[in-house]
Structures are given as C-alpha cells and as structure tokens.
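K.L.:
Pasting work_14.csv below, which is CSV, N, CA and C atoms.
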chain,number,residue,atom,x,y,z
N,1,MET,N,55.9,249.5,48.0
N,1,MET,CA,56.4,250.6,48.9
N,1,MET,C,55.5,250.5,50.1
N,2,LYS,N,56.1,250.4,51.3
N,2,LYS,CA,55.4,250.4,52.6
N,2,LYS,C,55.1,251.8,53.0
N,3,ARG,N,54.1,251.9,53.8
N,3,ARG,CA,53.7,253.2,54.4
N,3,ARG,C,54.8,253.6,55.4
N,4,ASN,N,55.1,254.9,55.5
N,4,ASN,CA,56.1,255.4,56.5
N,4,ASN,C,55.3,255.8,57.7
N,5,THR,N,55.1,254.8,58.6
N,5,THR,CA,54.3,255.0,59.8
N,5,THR,C,55.2,255.6,60.9
N,6,ILE,N,54.6,256.1,62.0
N,6,ILE,CA,55.4,256.6,63.1
N,6,ILE,C,56.2,255.5,63.7
N,7,GLN,N,55.7,254.3,63.8
N,7,GLN,CA,56.4,253.2,64.4
N,7,GLN,C,57.6,252.8,63.5
N,8,ARG,N,57.4,252.8,62.2
N,8,ARG,CA,58.5,252.4,61.3
N,8,ARG,C,59.6,253.4,61.4
N,9,SER,N,59.3,254.7,61.4
N,9,SER,CA,60.3,255.7,61.6
N,9,SER,C,61.0,255.6,62.9
N,10,LEU,N,60.3,255.3,63.9
N,10,LEU,CA,60.9,255.2,65.3
N,10,LEU,C,61.8,254.0,65.3
N,11,VAL,N,61.4,252.9,64.8
N,11,VAL,CA,62.3,251.7,64.8
N,11,VAL,C,63.6,252.0,64.0
N,12,LEU,N,63.4,252.6,62.8
N,12,LEU,CA,64.6,252.9,62.0
N,12,LEU,C,65.5,253.9,62.7
N,13,LYS,N,65.0,254.9,63.3
N,13,LYS,CA,65.7,255.9,64.1
N,13,LYS,C,66.5,255.2,65.2
N,14,THR,N,65.8,254.3,65.9
N,14,THR,CA,66.4,253.6,67.1
N,14,THR,C,67.6,252.8,66.6
N,15,VAL,N,67.4,252.0,65.6
N,15,VAL,CA,68.6,251.2,65.1
N,15,VAL,C,69.7,252.1,64.7
N,16,ARG,N,69.5,253.2,64.0
N,16,ARG,CA,70.5,254.1,63.6
N,16,ARG,C,71.2,254.7,64.8
N,17,GLU,N,70.4,255.1,65.8
N,17,GLU,CA,71.0,255.8,67.0
N,17,GLU,C,71.8,254.8,67.9
N,18,LEU,N,71.3,253.6,68.0
N,18,LEU,CA,72.0,252.6,68.9
N,18,LEU,C,73.4,252.2,68.3
N,19,LYS,N,73.5,252.1,67.0
N,19,LYS,CA,74.8,251.8,66.4
N,19,LYS,C,75.6,250.7,67.0
N,20,SER,N,74.8,249.7,67.5
N,20,SER,CA,75.5,248.6,68.3
N,20,SER,C,75.1,247.2,67.8
N,21,HIS,N,74.5,247.1,66.6
N,21,HIS,CA,74.0,245.8,66.1
N,21,HIS,C,73.0,245.3,67.1
N,22,PRO,N,71.9,246.0,67.4
N,22,PRO,CA,71.0,245.6,68.5
N,22,PRO,C,70.2,244.4,68.1
N,23,THR,N,69.6,243.7,69.1
N,23,THR,CA,68.7,242.7,69.0
N,23,THR,C,67.3,243.3,69.0
N,24,VAL,N,66.2,242.5,68.7
N,24,VAL,CA,64.9,243.0,68.8
N,24,VAL,C,64.6,243.5,70.1
N,25,ASP,N,65.0,242.8,71.2
N,25,ASP,CA,64.8,243.2,72.6
N,25,ASP,C,65.4,244.6,72.8
N,26,GLU,N,66.6,244.8,72.4
N,26,GLU,CA,67.3,246.1,72.6
N,26,GLU,C,66.6,247.2,71.8
N,27,VAL,N,66.2,247.0,70.6
N,27,VAL,CA,65.4,248.0,69.9
N,27,VAL,C,64.1,248.3,70.6
N,28,TYR,N,63.4,247.2,71.0
N,28,TYR,CA,62.2,247.4,71.7
N,28,TYR,C,62.3,248.2,73.0
N,29,THR,N,63.3,247.9,73.8
N,29,THR,CA,63.6,248.6,75.0
N,29,THR,C,63.8,250.1,74.7
N,30,ALA,N,64.7,250.4,73.8
N,30,ALA,CA,65.0,251.8,73.4
N,30,ALA,C,63.8,252.5,72.8
N,31,ALA,N,63.0,251.8,72.0
N,31,ALA,CA,61.9,252.5,71.4
N,31,ALA,C,60.8,252.8,72.4
N,32,THR,N,60.6,251.9,73.4
N,32,THR,CA,59.5,252.2,74.3
N,32,THR,C,59.8,253.4,75.2
N,33,ALA,N,61.1,253.8,75.3
N,33,ALA,CA,61.4,255.0,76.1
N,33,ALA,C,60.8,256.2,75.4
N,34,GLU,N,60.7,256.2,74.1
N,34,GLU,CA,60.1,257.3,73.4
N,34,GLU,C,58.7,257.1,73.0
N,35,HIS,N,58.3,255.9,72.8
N,35,HIS,CA,56.9,255.6,72.4
N,35,HIS,C,56.4,254.4,73.3
N,36,PRO,N,56.0,254.6,74.5
N,36,PRO,CA,55.7,253.5,75.5
N,36,PRO,C,54.6,252.5,75.0
N,37,THR,N,53.8,252.9,74.1
N,37,THR,CA,52.7,252.0,73.7
N,37,THR,C,53.1,251.0,72.5
N,38,ILE,N,54.3,251.2,72.0
N,38,ILE,CA,54.7,250.3,70.8
N,38,ILE,C,54.8,248.9,71.3
N,39,SER,N,54.4,247.9,70.6
N,39,SER,CA,54.5,246.5,71.0
N,39,SER,C,55.7,245.9,70.4
N,40,LYS,N,56.2,244.8,71.0
N,40,LYS,CA,57.3,244.1,70.5
N,40,LYS,C,57.0,243.5,69.2
N,41,GLY,N,55.8,243.1,68.9
N,41,GLY,CA,55.4,242.6,67.6
N,41,GLY,C,55.6,243.6,66.5
N,42,THR,N,55.2,244.9,66.8
N,42,THR,CA,55.3,246.0,65.9
N,42,THR,C,56.8,246.3,65.6
N,43,VAL,N,57.6,246.2,66.6
N,43,VAL,CA,59.1,246.4,66.5
N,43,VAL,C,59.6,245.3,65.6
N,44,TYR,N,59.3,244.1,65.9
N,44,TYR,CA,59.8,242.9,65.1
N,44,TYR,C,59.4,243.0,63.6
N,45,ARG,N,58.1,243.3,63.4
N,45,ARG,CA,57.6,243.4,62.0
N,45,ARG,C,58.3,244.5,61.3
N,46,ASN,N,58.4,245.7,61.9
N,46,ASN,CA,59.1,246.8,61.2
N,46,ASN,C,60.6,246.6,61.0
N,47,LEU,N,61.3,245.9,61.9
N,47,LEU,CA,62.7,245.5,61.7
N,47,LEU,C,62.8,244.7,60.4
N,48,ASN,N,61.9,243.7,60.3
N,48,ASN,CA,62.0,242.8,59.2
N,48,ASN,C,61.6,243.5,57.9
N,49,GLN,N,60.6,244.4,57.9
N,49,GLN,CA,60.3,245.1,56.7
N,49,GLN,C,61.4,246.1,56.3
N,50,LEU,N,62.0,246.7,57.3
N,50,LEU,CA,63.2,247.6,57.0
N,50,LEU,C,64.3,246.8,56.4
N,51,ALA,N,64.6,245.6,56.9
N,51,ALA,CA,65.7,244.8,56.4
N,51,ALA,C,65.3,244.4,54.9
N,52,GLU,N,64.1,244.0,54.7
N,52,GLU,CA,63.7,243.6,53.3
N,52,GLU,C,63.9,244.7,52.3
N,53,GLU,N,63.6,245.9,52.8
N,53,GLU,CA,63.7,247.1,51.9
N,53,GLU,C,65.1,247.7,51.8
N,54,GLY,N,66.1,247.1,52.6
N,54,GLY,CA,67.5,247.5,52.5
N,54,GLY,C,67.8,248.8,53.3
N,55,GLU,N,66.9,249.2,54.2
N,55,GLU,CA,67.1,250.3,55.1
N,55,GLU,C,68.1,250.0,56.2
N,56,ILE,N,68.0,248.7,56.7
N,56,ILE,CA,68.9,248.2,57.7
N,56,ILE,C,69.3,246.8,57.2
N,57,ARG,N,70.2,246.2,57.9
N,57,ARG,CA,70.7,244.8,57.6
N,57,ARG,C,70.4,243.9,58.7
N,58,LYS,N,69.7,242.8,58.4
N,58,LYS,CA,69.4,241.7,59.4
N,58,LYS,C,70.6,240.7,59.4
N,59,MET,N,71.1,240.5,60.6
N,59,MET,CA,72.2,239.6,60.8
N,59,MET,C,71.8,238.3,61.5
N,60,ASP,N,71.9,237.2,60.8
N,60,ASP,CA,71.6,235.9,61.5
N,60,ASP,C,72.9,235.5,62.2
N,61,VAL,N,72.8,235.2,63.5
N,61,VAL,CA,73.9,234.8,64.2
N,61,VAL,C,73.7,233.3,64.6
N,62,PRO,N,74.6,232.5,64.1
N,62,PRO,CA,74.5,231.1,64.4
N,62,PRO,C,74.4,230.8,65.9
N,63,ALA,N,73.5,230.0,66.3
N,63,ALA,CA,73.2,229.7,67.7
N,63,ALA,C,73.0,230.9,68.6
N,64,GLY,N,72.4,232.0,68.0
N,64,GLY,CA,72.1,233.2,68.7
N,64,GLY,C,70.9,233.9,68.2
N,65,VAL,N,70.6,235.0,68.7
N,65,VAL,CA,69.4,235.8,68.2
N,65,VAL,C,69.8,236.7,67.1
N,66,GLU,N,68.8,237.1,66.3
N,66,GLU,CA,69.1,238.0,65.2
N,66,GLU,C,69.5,239.4,65.7
N,67,HIS,N,70.4,240.0,65.0
N,67,HIS,CA,70.8,241.4,65.3
N,67,HIS,C,70.6,242.2,64.0
N,68,TYR,N,70.5,243.5,64.2
N,68,TYR,CA,70.2,244.5,63.1
N,68,TYR,C,71.3,245.5,63.0
N,69,ASP,N,71.8,245.8,61.8
N,69,ASP,CA,72.9,246.7,61.6
N,69,ASP,C,72.4,247.9,60.8
N,70,HIS,N,72.8,249.1,61.3
N,70,HIS,CA,72.4,250.4,60.6
N,70,HIS,C,73.2,250.6,59.3
N,71,CYS,N,74.4,250.0,59.2
N,71,CYS,CA,75.3,250.1,58.1
N,71,CYS,C,74.9,249.0,57.1
N,72,CYS,N,74.5,249.4,55.9
N,72,CYS,CA,74.0,248.4,54.9
N,72,CYS,C,75.1,248.1,53.9
N,73,HIS,N,76.2,248.8,53.9
N,73,HIS,CA,77.3,248.4,52.9
N,73,HIS,C,77.9,247.1,53.3
N,74,GLU,N,78.6,246.4,52.4
N,74,GLU,CA,79.2,245.1,52.7
N,74,GLU,C,80.4,245.3,53.6
N,75,HIS,N,80.4,244.6,54.7
N,75,HIS,CA,81.5,244.7,55.7
N,75,HIS,C,81.4,243.5,56.6
N,76,TYR,N,82.4,243.3,57.4
N,76,TYR,CA,82.5,242.1,58.2
N,76,TYR,C,82.3,242.5,59.7
N,77,HIS,N,82.0,241.4,60.5
N,77,HIS,CA,81.7,241.6,61.9
N,77,HIS,C,82.5,240.7,62.8
N,78,VAL,N,82.6,241.0,64.1
N,78,VAL,CA,83.2,240.1,65.1
N,78,VAL,C,82.3,240.0,66.2
N,79,ARG,N,82.1,238.8,66.8
N,79,ARG,CA,81.2,238.6,67.9
N,79,ARG,C,82.0,238.2,69.1
N,80,CYS,N,81.7,238.9,70.2
N,80,CYS,CA,82.4,238.5,71.5
N,80,CYS,C,81.9,237.2,72.0
N,81,LEU,N,82.8,236.3,72.3
N,81,LEU,CA,82.4,235.0,72.8
N,81,LEU,C,81.9,235.0,74.3
N,82,LYS,N,82.2,236.1,75.0
N,82,LYS,CA,81.8,236.3,76.4
N,82,LYS,C,80.4,237.0,76.5
N,83,CYS,N,80.3,238.2,75.9
N,83,CYS,CA,79.1,239.0,76.1
N,83,CYS,C,78.2,238.9,75.0
N,84,GLY,N,78.6,238.4,73.8
N,84,GLY,CA,77.7,238.3,72.7
N,84,GLY,C,77.5,239.5,71.8
N,85,ARG,N,78.2,240.6,72.2
N,85,ARG,CA,78.0,241.9,71.4
N,85,ARG,C,78.7,241.7,70.1
N,86,ILE,N,78.3,242.4,69.1
N,86,ILE,CA,78.8,242.4,67.7
N,86,ILE,C,79.4,243.7,67.4
N,87,TYR,N,80.5,243.7,66.8
N,87,TYR,CA,81.3,244.9,66.3
N,87,TYR,C,81.6,244.8,64.9
N,88,ASP,N,81.8,246.0,64.2
N,88,ASP,CA,82.3,246.0,62.8
N,88,ASP,C,83.8,245.7,62.9
N,89,VAL,N,84.2,245.0,61.8
N,89,VAL,CA,85.7,244.8,61.6
N,89,VAL,C,86.2,245.8,60.6
N,90,ASP,N,87.3,246.4,61.0
N,90,ASP,CA,88.0,247.4,60.1
N,90,ASP,C,88.9,246.7,59.1
N,91,MET,N,88.3,246.2,58.0
N,91,MET,CA,89.1,245.6,56.9
N,91,MET,C,88.3,245.8,55.6
N,92,ASP,N,89.1,245.7,54.5
N,92,ASP,CA,88.4,245.9,53.2
N,92,ASP,C,87.6,244.7,53.0
N,93,TYR,N,86.4,244.9,52.3
N,93,TYR,CA,85.5,243.8,51.9
N,93,TYR,C,86.1,243.1,50.7
N,94,ILE,N,86.0,241.8,50.7
N,94,ILE,CA,86.5,241.0,49.6
N,94,ILE,C,85.4,240.6,48.7
N,95,PRO,N,85.2,241.3,47.5
N,95,PRO,CA,84.1,241.0,46.6
N,95,PRO,C,84.2,239.7,46.0
N,96,HIS,N,83.1,239.0,45.8
N,96,HIS,CA,83.1,237.7,45.1
N,96,HIS,C,83.9,236.6,45.7
N,97,LEU,N,84.0,236.7,47.0
N,97,LEU,CA,84.8,235.7,47.7
N,97,LEU,C,84.2,234.3,47.5
N,98,GLU,N,82.9,234.2,47.3
N,98,GLU,CA,82.3,232.9,47.1
N,98,GLU,C,82.8,232.2,45.8
N,99,ARG,N,83.3,233.0,44.9
N,99,ARG,CA,83.9,232.4,43.6
N,99,ARG,C,85.1,231.5,43.9
N,100,ALA,N,85.8,231.8,45.0
N,100,ALA,CA,87.0,231.1,45.3
N,100,ALA,C,86.8,229.7,46.0
N,101,ILE,N,85.5,229.4,46.3
N,101,ILE,CA,85.2,228.2,47.0
N,101,ILE,C,85.2,227.0,46.0
N,102,LYS,N,85.9,226.0,46.4
N,102,LYS,CA,85.9,224.7,45.7
N,102,LYS,C,84.7,223.9,46.2
N,103,ASP,N,83.7,223.8,45.4
N,103,ASP,CA,82.5,223.1,45.9
N,103,ASP,C,82.3,221.7,45.4
N,104,ALA,N,82.3,220.8,46.3
N,104,ALA,CA,82.1,219.4,45.9
N,104,ALA,C,80.7,218.9,46.2
N,105,HIS,N,79.8,219.8,46.5
N,105,HIS,CA,78.5,219.3,46.9
N,105,HIS,C,77.4,219.9,46.0
N,106,GLY,N,77.7,220.6,44.9
N,106,GLY,CA,76.7,221.0,44.0
N,106,GLY,C,76.0,222.3,44.4
N,107,PHE,N,76.5,223.1,45.3
N,107,PHE,CA,75.8,224.3,45.7
N,107,PHE,C,75.9,225.4,44.6
N,108,GLU,N,74.9,226.2,44.5
N,108,GLU,CA,74.9,227.4,43.7
N,108,GLU,C,74.9,228.5,44.8
N,109,PHE,N,76.0,229.2,44.9
N,109,PHE,CA,76.2,230.2,46.0
N,109,PHE,C,75.4,231.5,45.7
N,110,SER,N,74.8,232.0,46.7
N,110,SER,CA,74.1,233.3,46.5
N,110,SER,C,74.6,234.4,47.4
N,111,GLY,N,75.7,234.1,48.1
N,111,GLY,CA,76.3,235.1,49.0
N,111,GLY,C,76.8,234.5,50.2
N,112,TYR,N,77.3,235.3,51.2
N,112,TYR,CA,77.9,234.8,52.4
N,112,TYR,C,77.8,235.8,53.5
N,113,ASP,N,77.9,235.3,54.7
N,113,ASP,CA,78.1,236.2,55.9
N,113,ASP,C,79.3,235.7,56.6
N,114,LEU,N,80.2,236.6,56.9
N,114,LEU,CA,81.5,236.2,57.5
N,114,LEU,C,81.5,236.9,58.9
N,115,MET,N,81.6,236.1,59.9
N,115,MET,CA,81.6,236.6,61.3
N,115,MET,C,82.8,236.0,62.0
N,116,PHE,N,83.7,236.9,62.4
N,116,PHE,CA,84.8,236.6,63.2
N,116,PHE,C,84.4,236.4,64.7
N,117,LYS,N,85.2,235.8,65.5
N,117,LYS,CA,84.8,235.6,66.9
N,117,LYS,C,86.1,235.8,67.7
N,118,GLY,N,85.9,236.3,68.9
N,118,GLY,CA,86.9,236.6,69.9
N,118,GLY,C,86.4,237.1,71.2
N,119,VAL,N,87.2,237.7,72.0
N,119,VAL,CA,86.8,238.3,73.2
N,119,VAL,C,87.1,239.8,73.1
N,120,CYS,N,86.0,240.6,73.4
N,120,CYS,CA,86.2,242.1,73.3
N,120,CYS,C,87.1,242.6,74.4
N,121,ALA,N,87.5,243.8,74.2
N,121,ALA,CA,88.4,244.5,75.2
N,121,ALA,C,87.8,244.6,76.6
N,122,GLU,N,86.5,245.0,76.6
N,122,GLU,CA,85.8,245.1,77.9
N,122,GLU,C,85.7,243.8,78.6
N,123,CYS,N,85.4,242.7,77.9
N,123,CYS,CA,85.4,241.4,78.6
N,123,CYS,C,86.8,240.9,79.0
N,124,ARG,N,87.8,241.2,78.2
N,124,ARG,CA,89.2,240.9,78.6
N,124,ARG,C,89.6,241.6,79.9
N,125,CYS,N,89.2,242.9,79.9
N,125,CYS,CA,89.5,243.7,81.1
N,125,CYS,C,88.8,243.1,82.3
N,126,LYS,N,87.6,242.8,82.2
N,126,LYS,CA,86.8,242.2,83.4
N,126,LYS,C,87.5,240.9,83.8
N,127,GLU,N,88.0,240.1,82.9
N,127,GLU,CA,88.7,238.8,83.2
N,127,GLU,C,90.0,239.1,84.0
N,128,GLU,N,90.7,240.1,83.6
N,128,GLU,CA,91.9,240.5,84.2
N,128,GLU,C,91.7,241.0,85.7
N,129,ILE,N,90.6,241.7,85.8
N,129,ILE,CA,90.3,242.2,87.2
N,129,ILE,C,89.9,241.0,88.1
N,130,GLN,N,89.1,240.1,87.5
N,130,GLN,CA,88.6,239.0,88.3
N,130,GLN,C,89.6,237.9,88.6
N,131,ALA,N,90.7,237.8,87.7
N,131,ALA,CA,91.7,236.8,87.8
N,131,ALA,C,92.5,236.9,89.2
N,132,PRO,N,92.7,235.8,89.9
N,132,PRO,CA,93.4,235.9,91.1
N,132,PRO,C,94.9,236.1,90.8
N,133,HIS,N,95.5,236.9,91.7
N,133,HIS,CA,96.9,237.3,91.5
N,133,HIS,C,97.8,236.4,92.4
What's the structure tokens form of this structure?
P.N.:
Amino acid sequence: MKRNTIQRSLVLKTVRELKSHPTVDEVYTAATAEHPTISKGTVYRNLNQLAEEGEIRKMDVPAGVEHYDHCCHEHYHVRCLKCGRIYDVDMDYIPHLERAIKDAHGFEFSGYDLMFKGVCAECRCKEEIQAPH
C-alpha cells in the first residue's frame, strides 16, 4: 500500500478531471496550475504507481506516447490520426476475445489492447474549412 501523498492525490484528481486520456505532459501542465512546485518526475512516478494499483489505466499507444485513462473498466478506444487525441468507443466489450485467436507461433496470451483509428469530427471539420472550393 502506497502512501496517499498530496502529489498522488493531485495527480489522480487531475487525470479524473481531464477525462481526455491525457499524456504525462498534459497531466503535468494541469497539475502545475494547482501545485506549481510539482516536478514532471513526480507526476510520472505517481501516474505509474496509480496505474499499477488500478486507480487509473495506462495506455500504451504504438508509435506514440503513453496516455492515462480515468475509466478502469474494460472498454475500447479510437485514436485520431490527425491530432492524436484518444476517445472512448461506445460498444460492448467482448470478453475473452483472445480465445478466438488461432495462434501458430506458440504464444500464451495474457490480454489485449484494441485501438481503433480514424479522424475525429473536429479534425474533419478543420479539413473541410481548409479545403479549396
């Protein structure tokens, strides 16, 4: 059991308030608004501890930076190919999906992360505005 420090509480509160699947930098920026002396190392360490303890969820993004999710239940995400933001996908979670995999390489599966990709509404709107008519 980890100590419940002011910094840990602040980092957890910040992730929950942002509700945007923030990166370390985004959590750090928001946290320093309330606690200017907090270091990026402290934010990073607390994010990892909170994820290990199941308070938040760490999301590894292929070819990208880690994001953190305040929702810890099993669900899927979509990443915008233009801006890189991550959103929750509104669909039922498929339990034990890994059991349906036909494995020819001898893996013992321990779980999976499913990330859809596309272009968000805001980026599509920007493209429409910038497109020549």
K.L.:
To one decimal place, how far is CA of Val78 in chain N from CA of Thr32 in chain N in Å?
P.N.:
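Rounded to one decimal, the two atoms are 28.2 Å apart.
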K.L.:
So, counting only C-alpha atoms, which residue among N:Ala51, N:Ile86, N:Val61, N:Ile6 is closest to Val119 in chain N?
P.N.:
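Checking each candidate against Val119 in chain N, we get N:Ile86 as the closest.
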K.L.:
Have a look at N:Leu114, N:Cys120, N:Val11, N:Val89 and name the one nearest to Leu50 in chain N; count only C-alpha atoms.
P.N.:
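Comparing N:Leu114, N:Cys120, N:Val11, N:Val89 against Leu50 in chain N, the winner is N:Val11.
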K.L.:
I'd like the interatomic distance between CA of Gly54 in chain N and CA of Leu81 in chain N, to a tenth of an Å.
P.N.:
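Interatomic distance here is 28.1 Å.
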K.L.:
Interatomic distance between CA of His21 in chain N and atom C of Arg85 in chain N?
P.N.:
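Calculated distance between CA of His21 in chain N and atom C of Arg85 in chain N is 7.4 Å.
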K.L.:
Among range 10-128 of chain N, which ones does DSSP place in alpha helix (DSSP H), written as a CSV table (one decimal) with N, CA and C atoms, keeping the file's coordinate frame?
P.N.:
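Written file, out-v9.csv:
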chain,number,residue,atom,x,y,z
N,10,LEU,N,60.3,255.3,63.9
N,10,LEU,CA,60.9,255.2,65.3
N,10,LEU,C,61.8,254.0,65.3
N,11,VAL,N,61.4,252.9,64.8
N,11,VAL,CA,62.3,251.7,64.8
N,11,VAL,C,63.6,252.0,64.0
N,12,LEU,N,63.4,252.6,62.8
N,12,LEU,CA,64.6,252.9,62.0
N,12,LEU,C,65.5,253.9,62.7
N,13,LYS,N,65.0,254.9,63.3
N,13,LYS,CA,65.7,255.9,64.1
N,13,LYS,C,66.5,255.2,65.2
N,14,THR,N,65.8,254.3,65.9
N,14,THR,CA,66.4,253.6,67.1
N,14,THR,C,67.6,252.8,66.6
N,15,VAL,N,67.4,252.0,65.6
N,15,VAL,CA,68.6,251.2,65.1
N,15,VAL,C,69.7,252.1,64.7
N,16,ARG,N,69.5,253.2,64.0
N,16,ARG,CA,70.5,254.1,63.6
N,16,ARG,C,71.2,254.7,64.8
N,17,GLU,N,70.4,255.1,65.8
N,17,GLU,CA,71.0,255.8,67.0
N,17,GLU,C,71.8,254.8,67.9
N,18,LEU,N,71.3,253.6,68.0
N,18,LEU,CA,72.0,252.6,68.9
N,18,LEU,C,73.4,252.2,68.3
N,24,VAL,N,66.2,242.5,68.7
N,24,VAL,CA,64.9,243.0,68.8
N,24,VAL,C,64.6,243.5,70.1
N,25,ASP,N,65.0,242.8,71.2
N,25,ASP,CA,64.8,243.2,72.6
N,25,ASP,C,65.4,244.6,72.8
N,26,GLU,N,66.6,244.8,72.4
N,26,GLU,CA,67.3,246.1,72.6
N,26,GLU,C,66.6,247.2,71.8
N,27,VAL,N,66.2,247.0,70.6
N,27,VAL,CA,65.4,248.0,69.9
N,27,VAL,C,64.1,248.3,70.6
N,28,TYR,N,63.4,247.2,71.0
N,28,TYR,CA,62.2,247.4,71.7
N,28,TYR,C,62.3,248.2,73.0
N,29,THR,N,63.3,247.9,73.8
N,29,THR,CA,63.6,248.6,75.0
N,29,THR,C,63.8,250.1,74.7
N,30,ALA,N,64.7,250.4,73.8
N,30,ALA,CA,65.0,251.8,73.4
N,30,ALA,C,63.8,252.5,72.8
N,31,ALA,N,63.0,251.8,72.0
N,31,ALA,CA,61.9,252.5,71.4
N,31,ALA,C,60.8,252.8,72.4
N,32,THR,N,60.6,251.9,73.4
N,32,THR,CA,59.5,252.2,74.3
N,32,THR,C,59.8,253.4,75.2
N,33,ALA,N,61.1,253.8,75.3
N,33,ALA,CA,61.4,255.0,76.1
N,33,ALA,C,60.8,256.2,75.4
N,34,GLU,N,60.7,256.2,74.1
N,34,GLU,CA,60.1,257.3,73.4
N,34,GLU,C,58.7,257.1,73.0
N,40,LYS,N,56.2,244.8,71.0
N,40,LYS,CA,57.3,244.1,70.5
N,40,LYS,C,57.0,243.5,69.2
N,41,GLY,N,55.8,243.1,68.9
N,41,GLY,CA,55.4,242.6,67.6
N,41,GLY,C,55.6,243.6,66.5
N,42,THR,N,55.2,244.9,66.8
N,42,THR,CA,55.3,246.0,65.9
N,42,THR,C,56.8,246.3,65.6
N,43,VAL,N,57.6,246.2,66.6
N,43,VAL,CA,59.1,246.4,66.5
N,43,VAL,C,59.6,245.3,65.6
N,44,TYR,N,59.3,244.1,65.9
N,44,TYR,CA,59.8,242.9,65.1
N,44,TYR,C,59.4,243.0,63.6
N,45,ARG,N,58.1,243.3,63.4
N,45,ARG,CA,57.6,243.4,62.0
N,45,ARG,C,58.3,244.5,61.3
N,46,ASN,N,58.4,245.7,61.9
N,46,ASN,CA,59.1,246.8,61.2
N,46,ASN,C,60.6,246.6,61.0
N,47,LEU,N,61.3,245.9,61.9
N,47,LEU,CA,62.7,245.5,61.7
N,47,LEU,C,62.8,244.7,60.4
N,48,ASN,N,61.9,243.7,60.3
N,48,ASN,CA,62.0,242.8,59.2
N,48,ASN,C,61.6,243.5,57.9
N,49,GLN,N,60.6,244.4,57.9
N,49,GLN,CA,60.3,245.1,56.7
N,49,GLN,C,61.4,246.1,56.3
N,50,LEU,N,62.0,246.7,57.3
N,50,LEU,CA,63.2,247.6,57.0
N,50,LEU,C,64.3,246.8,56.4
N,51,ALA,N,64.6,245.6,56.9
N,51,ALA,CA,65.7,244.8,56.4
N,51,ALA,C,65.3,244.4,54.9
N,52,GLU,N,64.1,244.0,54.7
N,52,GLU,CA,63.7,243.6,53.3
N,52,GLU,C,63.9,244.7,52.3
N,121,ALA,N,87.5,243.8,74.2
N,121,ALA,CA,88.4,244.5,75.2
N,121,ALA,C,87.8,244.6,76.6
N,122,GLU,N,86.5,245.0,76.6
N,122,GLU,CA,85.8,245.1,77.9
N,122,GLU,C,85.7,243.8,78.6
N,123,CYS,N,85.4,242.7,77.9
N,123,CYS,CA,85.4,241.4,78.6
N,123,CYS,C,86.8,240.9,79.0
N,124,ARG,N,87.8,241.2,78.2
N,124,ARG,CA,89.2,240.9,78.6
N,124,ARG,C,89.6,241.6,79.9
N,125,CYS,N,89.2,242.9,79.9
N,125,CYS,CA,89.5,243.7,81.1
N,125,CYS,C,88.8,243.1,82.3
N,126,LYS,N,87.6,242.8,82.2
N,126,LYS,CA,86.8,242.2,83.4
N,126,LYS,C,87.5,240.9,83.8
N,127,GLU,N,88.0,240.1,82.9
N,127,GLU,CA,88.7,238.8,83.2
N,127,GLU,C,90.0,239.1,84.0
N,128,GLU,N,90.7,240.1,83.6
N,128,GLU,CA,91.9,240.5,84.2
N,128,GLU,C,91.7,241.0,85.7
K.L.:
Could you pull the residues within 9 Å of His70 in chain N, counting only C-alpha atoms, minus those fewer than 3 positions along the same chain, as a PyMOL selection string?
P.N.:
chain N and resi 12+15-21+55-57
K.L.:
Enumerate, as a PyMOL selection string, the complete set of residues in chain N that a backbone-based DSSP assignment places in strand (DSSP E or B).
P.N.:
chain N and resi 23+57-59+67-69+77-80+86-88+115-118
K.L.:
Rank N:His35, N:Arg124, N:Lys82, N:His96 by their smallest atom-to-atom distance to Phe109 in chain N, using only C-alpha atoms, and report the top residue only.
P.N.:
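Among the listed residues, the smallest separation from Phe109 in chain N belongs to N:His96.
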K.L.:
Compare N:Leu47, N:Asp113, N:Val27, N:Ser39 by their minimum atom-to-atom distance to Asp60 in chain N, counting all atoms listed in the file, and give me the closest one.
P.N.:
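Distance minimum relative to Asp60 in chain N lands on N:Asp113.
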